[in-house]
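Below is one structure, written out as structure tokens, with a few remarks after it.
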Amino acid sequence: MKAIIGSHGLWDIVEKGYEDLADENTVTVAALEAWQQTKKKDQSALSIIHQGLDDDMFEKIANATRAKDAWEILKNSVVEVDRVKKENESITDYFTRVLAVVNQMKRLNEKMEDVRVVEKILHSLNGKFTYVMVAIKESKDIESMAIDELHGSLLAHEKRMKRTQQEPMEQVLQAKFSFNPKGNNRGGRGRGRGRSRGYGQGRGRGQGKGEQNSFQEDENRSS
């Protein structure tokens with residue numbers, strides 16, 4: 001949209017706007033004609049802005065009567081986004097979202113230097129990054145820090161946090177499968193069943209001797 005407006009030589013009127021005449025009757029004819037031409041340029045720029053918007057965006061500027069006012073409304077609607085990193089959002093996804101907003105602001109003629117973006121990112125991080133945020137501020141020159149460098153530092157910290165979170169779970173699982181207290185493992189239960197079978201076999205042997213003694217007594221009585 002900015003390129004189209006510029007191609008018609010109308011960007012200055014969008015960026016700077018124009019002033020109303022205090023009294024049309026007190027100015028010269030030449031000044032009045034120049035003001036009318038300026039107003040015509042402004043309306044042409046406003047028309048181009050209208051043509052580049054969908055219905056939802058148009059509703060936001062429908063009451064704006066000048067191109068500069070409409071452009072300011074569009075600019076504010078772009079920058080009014082959630083700049084705080086979401087809890088489950090990765091650093092890479094967050095940087096992608098922030099840089100998309102930065103590029104939009106630059107297209108709206110907003111000056112966005114790296115140091116400004118770096119500071120906003122550091123201030124928008126959630127509590128998990130407090131330690132690394134303080135460390136970066138103390139050990140690095142924020143004024144000369146590139147956005148890619150900040151991305152790399154935060155990405156490395158995120159990976160360390162993930163490893164730290166995974167290690168306790170691995171330790172718990174390892175302990176769970178290696179835990180083998182005496183009397184409560186499979187070997188203990190096996191020995192218990194072995195003793196039961198031995199007890200049953202002992203009873204079987206005792207019963208056999210009783211039957212033999214009873215048979216011997218019967219023979220003695222017969223004889």
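Numbering starts fresh at 1 for the residues of each chain in the structure tokens, the chains themselves are lettered A, B, ... in the order given, and ligands are numbered from 1 as they appear.
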
Name all residues at most 10 Å from Leu46 of chain A (count only C-alpha atoms; drop same-chain ones fewer than 4 positions away) and give them as a ChimeraX atom specification. /A:5,10,13-14,40-42,50-51,61,64-71

Would you put the residues from that selection into a file with all heavy atoms, as a tab-separated table (two decimals), in the first residue's frame?
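Once written, out.tsv looks like this:
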chain	number	residue	atom	x	y	z
A	5	ILE	N	0.91	4.25	-2.85
A	5	ILE	CA	0.74	5.66	-2.50
A	5	ILE	C	1.94	6.47	-2.96
A	5	ILE	O	1.79	7.57	-3.52
A	5	ILE	CB	0.54	5.80	-0.97
A	5	ILE	CG1	-0.79	5.16	-0.55
A	5	ILE	CG2	0.56	7.27	-0.56
A	5	ILE	CD1	-0.99	5.09	0.96
A	10	LEU	N	2.06	10.69	-3.38
A	10	LEU	CA	1.15	11.11	-2.31
A	10	LEU	C	1.65	10.76	-0.91
A	10	LEU	O	0.93	11.02	0.07
A	10	LEU	CB	-0.23	10.47	-2.52
A	10	LEU	CG	-0.92	10.76	-3.86
A	10	LEU	CD1	-2.18	9.93	-4.00
A	10	LEU	CD2	-1.23	12.25	-3.98
A	13	ILE	N	1.86	13.56	1.91
A	13	ILE	CA	0.61	14.01	2.51
A	13	ILE	C	0.11	13.01	3.55
A	13	ILE	O	-0.51	13.37	4.55
A	13	ILE	CB	-0.48	14.26	1.43
A	13	ILE	CG1	-1.63	15.09	2.00
A	13	ILE	CG2	-1.00	12.95	0.86
A	13	ILE	CD1	-1.25	16.52	2.32
A	14	VAL	N	0.42	11.72	3.34
A	14	VAL	CA	0.05	10.70	4.32
A	14	VAL	C	0.92	10.82	5.57
A	14	VAL	O	0.44	10.71	6.70
A	14	VAL	CB	0.19	9.28	3.72
A	14	VAL	CG1	-0.06	8.22	4.78
A	14	VAL	CG2	-0.78	9.11	2.56
A	40	LYS	N	-7.04	17.75	-2.15
A	40	LYS	CA	-7.37	16.76	-3.19
A	40	LYS	C	-6.38	15.60	-3.15
A	40	LYS	O	-6.77	14.43	-3.29
A	40	LYS	CB	-7.36	17.44	-4.55
A	40	LYS	CG	-7.78	16.53	-5.70
A	40	LYS	CD	-7.81	17.28	-7.01
A	40	LYS	CE	-8.23	16.37	-8.15
A	40	LYS	NZ	-8.27	17.09	-9.45
A	41	LYS	N	-5.10	15.91	-2.98
A	41	LYS	CA	-4.08	14.86	-2.86
A	41	LYS	C	-4.35	13.99	-1.64
A	41	LYS	O	-4.20	12.76	-1.71
A	41	LYS	CB	-2.69	15.49	-2.74
A	41	LYS	CG	-2.16	16.12	-4.02
A	41	LYS	CD	-0.86	16.83	-3.78
A	41	LYS	CE	0.24	15.90	-3.28
A	41	LYS	NZ	1.53	16.61	-3.08
A	42	ASP	N	-4.75	14.60	-0.56
A	42	ASP	CA	-5.04	13.84	0.66
A	42	ASP	C	-6.19	12.88	0.43
A	42	ASP	O	-6.13	11.71	0.85
A	42	ASP	CB	-5.39	14.80	1.79
A	42	ASP	CG	-5.73	14.07	3.08
A	42	ASP	OD1	-4.80	13.63	3.77
A	42	ASP	OD2	-6.94	13.93	3.39
A	50	HIS	N	-8.30	3.04	1.34
A	50	HIS	CA	-9.58	2.32	1.41
A	50	HIS	C	-9.58	1.10	0.49
A	50	HIS	O	-10.07	0.03	0.86
A	50	HIS	CB	-10.72	3.25	1.00
A	50	HIS	CG	-11.06	4.26	2.05
A	50	HIS	ND1	-12.00	5.26	1.85
A	50	HIS	CD2	-10.60	4.44	3.29
A	50	HIS	CE1	-12.09	6.00	2.94
A	50	HIS	NE2	-11.25	5.52	3.83
A	51	GLN	N	-9.02	1.24	-0.69
A	51	GLN	CA	-9.03	0.15	-1.66
A	51	GLN	C	-8.16	-1.03	-1.23
A	51	GLN	O	-8.38	-2.16	-1.69
A	51	GLN	CB	-8.56	0.67	-3.03
A	51	GLN	CG	-9.50	1.69	-3.66
A	51	GLN	CD	-8.92	2.31	-4.92
A	51	GLN	OE1	-8.10	1.69	-5.60
A	51	GLN	NE2	-9.34	3.52	-5.24
A	61	ILE	N	-11.08	2.38	10.20
A	61	ILE	CA	-10.72	3.72	9.72
A	61	ILE	C	-11.90	4.42	9.03
A	61	ILE	O	-11.73	5.47	8.42
A	61	ILE	CB	-9.54	3.66	8.73
A	61	ILE	CG1	-9.95	2.93	7.45
A	61	ILE	CG2	-8.34	2.99	9.37
A	61	ILE	CD1	-9.02	3.17	6.29
A	64	ALA	N	-12.26	8.07	9.70
A	64	ALA	CA	-11.12	8.95	9.45
A	64	ALA	C	-11.35	9.70	8.14
A	64	ALA	O	-11.65	9.10	7.10
A	64	ALA	CB	-9.83	8.14	9.37
A	65	THR	N	-11.22	11.03	8.17
A	65	THR	CA	-11.48	11.85	6.99
A	65	THR	C	-10.19	12.28	6.28
A	65	THR	O	-10.27	12.90	5.21
A	65	THR	CB	-12.27	13.11	7.39
A	65	THR	OG1	-11.53	13.84	8.37
A	65	THR	CG2	-13.63	12.71	7.96
A	66	ARG	N	-9.05	11.96	6.88
A	66	ARG	CA	-7.77	12.32	6.28
A	66	ARG	C	-6.87	11.09	6.21
A	66	ARG	O	-6.95	10.19	7.04
A	66	ARG	CB	-7.08	13.43	7.07
A	66	ARG	CG	-7.91	14.69	7.15
A	66	ARG	CD	-7.11	15.84	7.70
A	66	ARG	NE	-7.93	17.04	7.79
A	66	ARG	CZ	-7.45	18.26	7.98
A	66	ARG	NH1	-6.13	18.44	8.10
A	66	ARG	NH2	-8.25	19.30	8.05
A	67	ALA	N	-6.00	11.11	5.20
A	67	ALA	CA	-5.13	9.96	4.98
A	67	ALA	C	-4.19	9.74	6.16
A	67	ALA	O	-3.95	8.59	6.57
A	67	ALA	CB	-4.32	10.16	3.69
A	68	LYS	N	-3.65	10.80	6.73
A	68	LYS	CA	-2.72	10.68	7.86
A	68	LYS	C	-3.40	10.02	9.05
A	68	LYS	O	-2.83	9.16	9.72
A	68	LYS	CB	-2.17	12.04	8.25
A	68	LYS	CG	-1.09	12.00	9.34
A	68	LYS	CD	-0.56	13.40	9.60
A	68	LYS	CE	0.64	13.34	10.57
A	68	LYS	NZ	0.26	12.83	11.89
A	69	ASP	N	-4.63	10.44	9.35
A	69	ASP	CA	-5.36	9.86	10.48
A	69	ASP	C	-5.64	8.37	10.25
A	69	ASP	O	-5.50	7.55	11.16
A	69	ASP	CB	-6.69	10.61	10.68
A	69	ASP	CG	-6.47	12.06	11.09
A	69	ASP	OD1	-5.39	12.37	11.62
A	69	ASP	OD2	-7.38	12.88	10.85
A	70	ALA	N	-6.03	8.03	9.01
A	70	ALA	CA	-6.30	6.62	8.69
A	70	ALA	C	-5.04	5.79	8.83
A	70	ALA	O	-5.06	4.66	9.35
A	70	ALA	CB	-6.85	6.51	7.27
A	71	TRP	N	-3.91	6.33	8.36
A	71	TRP	CA	-2.64	5.60	8.44
A	71	TRP	C	-2.21	5.38	9.88
A	71	TRP	O	-1.70	4.32	10.23
A	71	TRP	CB	-1.56	6.35	7.66
A	71	TRP	CG	-0.35	5.50	7.39
A	71	TRP	CD1	0.82	5.50	8.07
A	71	TRP	CD2	-0.21	4.51	6.38
A	71	TRP	NE1	1.69	4.58	7.54
A	71	TRP	CE2	1.07	3.96	6.50
A	71	TRP	CE3	-1.07	4.04	5.36
A	71	TRP	CZ2	1.54	2.96	5.65
A	71	TRP	CZ3	-0.60	3.05	4.52
A	71	TRP	CH2	0.68	2.52	4.67

Point-to-point distance from atom CA of His8 of chain A to atom CA of Ser44 of chain A, Å rounded to tenths: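 These atoms are spaced 9.0 Å apart.
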
Residues within 12 Å of Ala22 of chain A, please, as a PyMOL selection string. Count only C-alpha atoms; anything in the same chain fewer than 6 positions from it doesn't count. chain A and resi 31-32+35

Could you tell me which of A:Val29, A:Met105, A:Ala100, A:Val115 comes closest to Lys2 of chain A if we count only C-alpha atoms? A:Met105

Rounded to one decimal in Å, what is the spacing between atom CA of Leu155 of chain A and atom CA of Phe95 of chain A? 10.2 Å

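Minimum distance to Ala146 of chain A across A:Met161, A:Arg116, A:Asn103, A:Phe129 (counting only C-alpha atoms) occurs at A:Arg116.
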
Pairwise distance, atom CA of His157 of chain A with atom CA of Glu89 of chain A, equals 14.2 Å

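Of the residues under consideration (A:Ala45, A:Met112, A:Met1, A:Ile73), A:Ala45 shows the shortest atom-to-atom contact distance to Gly17 of chain A when counting only C-alpha atoms.
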
Which polymer residues have any atom within 12 Å of an atom of Asp114 of chain A, counting only C-alpha atoms, with same-chain residues fewer than 5 positions away left out, as an NGL selection string? :A and (99 or 102-103 or 106 or 119-121 or 142-150)

Extract the full set of helix (DSSP H, G or I) residues from segment 76-139 of chain A according to DSSP on the backbone, and format it as a PyMOL selection string. chain A and resi 76-79+91-107+114-124+127-139

Only N, CA and C atoms, please: the residues just picked out, written as a short mmCIF file (atom, residue, chain, number, x, y, z; two decimals), in the first residue's frame.
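Just written: selection37.cif:
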data_model
loop_
_atom_site.label_atom_id
_atom_site.label_comp_id
_atom_site.auth_asym_id
_atom_site.auth_seq_id
_atom_site.Cartn_x
_atom_site.Cartn_y
_atom_site.Cartn_z
N ASN A 76 -1.34 1.74 14.55
CA ASN A 76 -1.62 1.35 15.94
C ASN A 76 -2.27 -0.03 16.02
N SER A 77 -3.10 -0.35 15.03
CA SER A 77 -3.75 -1.66 15.04
C SER A 77 -2.75 -2.78 14.81
N VAL A 78 -1.66 -2.47 14.10
CA VAL A 78 -0.62 -3.47 13.84
C VAL A 78 0.23 -3.72 15.07
N VAL A 79 0.61 -2.65 15.78
CA VAL A 79 1.53 -2.80 16.90
C VAL A 79 0.83 -3.23 18.17
N ILE A 91 11.04 -20.47 21.76
CA ILE A 91 11.79 -19.24 21.49
C ILE A 91 11.78 -18.92 20.00
N THR A 92 11.96 -19.93 19.16
CA THR A 92 11.98 -19.71 17.72
C THR A 92 10.65 -19.19 17.22
N ASP A 93 9.54 -19.77 17.69
CA ASP A 93 8.21 -19.31 17.28
C ASP A 93 7.97 -17.88 17.77
N TYR A 94 8.43 -17.60 18.98
CA TYR A 94 8.24 -16.25 19.52
C TYR A 94 9.02 -15.21 18.71
N PHE A 95 10.26 -15.54 18.36
CA PHE A 95 11.06 -14.61 17.56
C PHE A 95 10.41 -14.40 16.19
N THR A 96 9.89 -15.45 15.61
CA THR A 96 9.22 -15.32 14.31
C THR A 96 8.04 -14.37 14.41
N ARG A 97 7.28 -14.48 15.49
CA ARG A 97 6.11 -13.61 15.68
C ARG A 97 6.53 -12.16 15.90
N VAL A 98 7.57 -11.96 16.72
CA VAL A 98 8.03 -10.60 17.00
C VAL A 98 8.59 -9.95 15.75
N LEU A 99 9.41 -10.69 14.99
CA LEU A 99 10.02 -10.11 13.79
C LEU A 99 8.98 -9.81 12.72
N ALA A 100 7.89 -10.56 12.69
CA ALA A 100 6.81 -10.26 11.75
C ALA A 100 6.20 -8.89 12.08
N VAL A 101 6.01 -8.64 13.39
CA VAL A 101 5.48 -7.34 13.80
C VAL A 101 6.48 -6.22 13.51
N VAL A 102 7.76 -6.49 13.76
CA VAL A 102 8.81 -5.49 13.50
C VAL A 102 8.82 -5.12 12.02
N ASN A 103 8.73 -6.11 11.14
CA ASN A 103 8.73 -5.83 9.71
C ASN A 103 7.51 -5.03 9.28
N GLN A 104 6.37 -5.33 9.90
CA GLN A 104 5.17 -4.56 9.60
C GLN A 104 5.32 -3.10 10.03
N MET A 105 5.92 -2.90 11.19
CA MET A 105 6.13 -1.54 11.67
C MET A 105 7.11 -0.78 10.79
N LYS A 106 8.14 -1.46 10.28
CA LYS A 106 9.09 -0.82 9.39
C LYS A 106 8.40 -0.40 8.09
N ARG A 107 7.49 -1.24 7.60
CA ARG A 107 6.76 -0.88 6.39
C ARG A 107 5.84 0.31 6.62
N ASP A 114 17.83 -2.50 16.01
CA ASP A 114 18.03 -3.78 16.69
C ASP A 114 18.02 -3.64 18.21
N VAL A 115 18.64 -2.59 18.72
CA VAL A 115 18.72 -2.43 20.17
C VAL A 115 17.33 -2.27 20.78
N ARG A 116 16.44 -1.62 20.06
CA ARG A 116 15.07 -1.46 20.56
C ARG A 116 14.33 -2.78 20.58
N VAL A 117 14.52 -3.57 19.52
CA VAL A 117 13.88 -4.89 19.45
C VAL A 117 14.43 -5.81 20.53
N VAL A 118 15.76 -5.80 20.72
CA VAL A 118 16.40 -6.65 21.74
C VAL A 118 15.87 -6.32 23.12
N GLU A 119 15.77 -5.04 23.44
CA GLU A 119 15.27 -4.64 24.76
C GLU A 119 13.82 -5.06 24.96
N LYS A 120 12.99 -4.92 23.93
CA LYS A 120 11.59 -5.31 24.06
C LYS A 120 11.45 -6.82 24.24
N ILE A 121 12.28 -7.59 23.54
CA ILE A 121 12.22 -9.04 23.68
C ILE A 121 12.62 -9.45 25.10
N LEU A 122 13.70 -8.88 25.61
CA LEU A 122 14.17 -9.22 26.95
C LEU A 122 13.13 -8.88 28.01
N HIS A 123 12.44 -7.77 27.84
CA HIS A 123 11.45 -7.35 28.83
C HIS A 123 10.15 -8.15 28.71
N SER A 124 9.95 -8.84 27.60
CA SER A 124 8.70 -9.56 27.39
C SER A 124 8.79 -11.04 27.76
N GLY A 127 8.88 -15.75 33.32
CA GLY A 127 9.74 -15.98 34.48
C GLY A 127 10.81 -17.04 34.28
N LYS A 128 10.60 -17.98 33.37
CA LYS A 128 11.58 -19.04 33.16
C LYS A 128 12.90 -18.51 32.61
N PHE A 129 12.85 -17.33 32.02
CA PHE A 129 14.05 -16.78 31.40
C PHE A 129 14.65 -15.63 32.21
N THR A 130 14.20 -15.47 33.45
CA THR A 130 14.70 -14.36 34.26
C THR A 130 16.21 -14.45 34.47
N TYR A 131 16.69 -15.66 34.77
CA TYR A 131 18.12 -15.84 35.04
C TYR A 131 18.96 -15.48 33.83
N VAL A 132 18.60 -16.02 32.66
CA VAL A 132 19.39 -15.76 31.46
C VAL A 132 19.25 -14.31 31.02
N MET A 133 18.08 -13.71 31.26
CA MET A 133 17.89 -12.31 30.91
C MET A 133 18.84 -11.42 31.70
N VAL A 134 18.96 -11.69 33.01
CA VAL A 134 19.88 -10.92 33.85
C VAL A 134 21.33 -11.16 33.42
N ALA A 135 21.65 -12.43 33.11
CA ALA A 135 23.01 -12.76 32.70
C ALA A 135 23.39 -12.06 31.40
N ILE A 136 22.45 -12.01 30.46
CA ILE A 136 22.73 -11.34 29.19
C ILE A 136 22.95 -9.85 29.40
N LYS A 137 22.13 -9.24 30.24
CA LYS A 137 22.27 -7.81 30.48
C LYS A 137 23.59 -7.48 31.17
N GLU A 138 24.05 -8.38 32.04
CA GLU A 138 25.27 -8.10 32.79
C GLU A 138 26.54 -8.41 32.00
N SER A 139 26.48 -9.41 31.12
CA SER A 139 27.70 -9.87 30.45
C SER A 139 27.84 -9.37 29.02
#
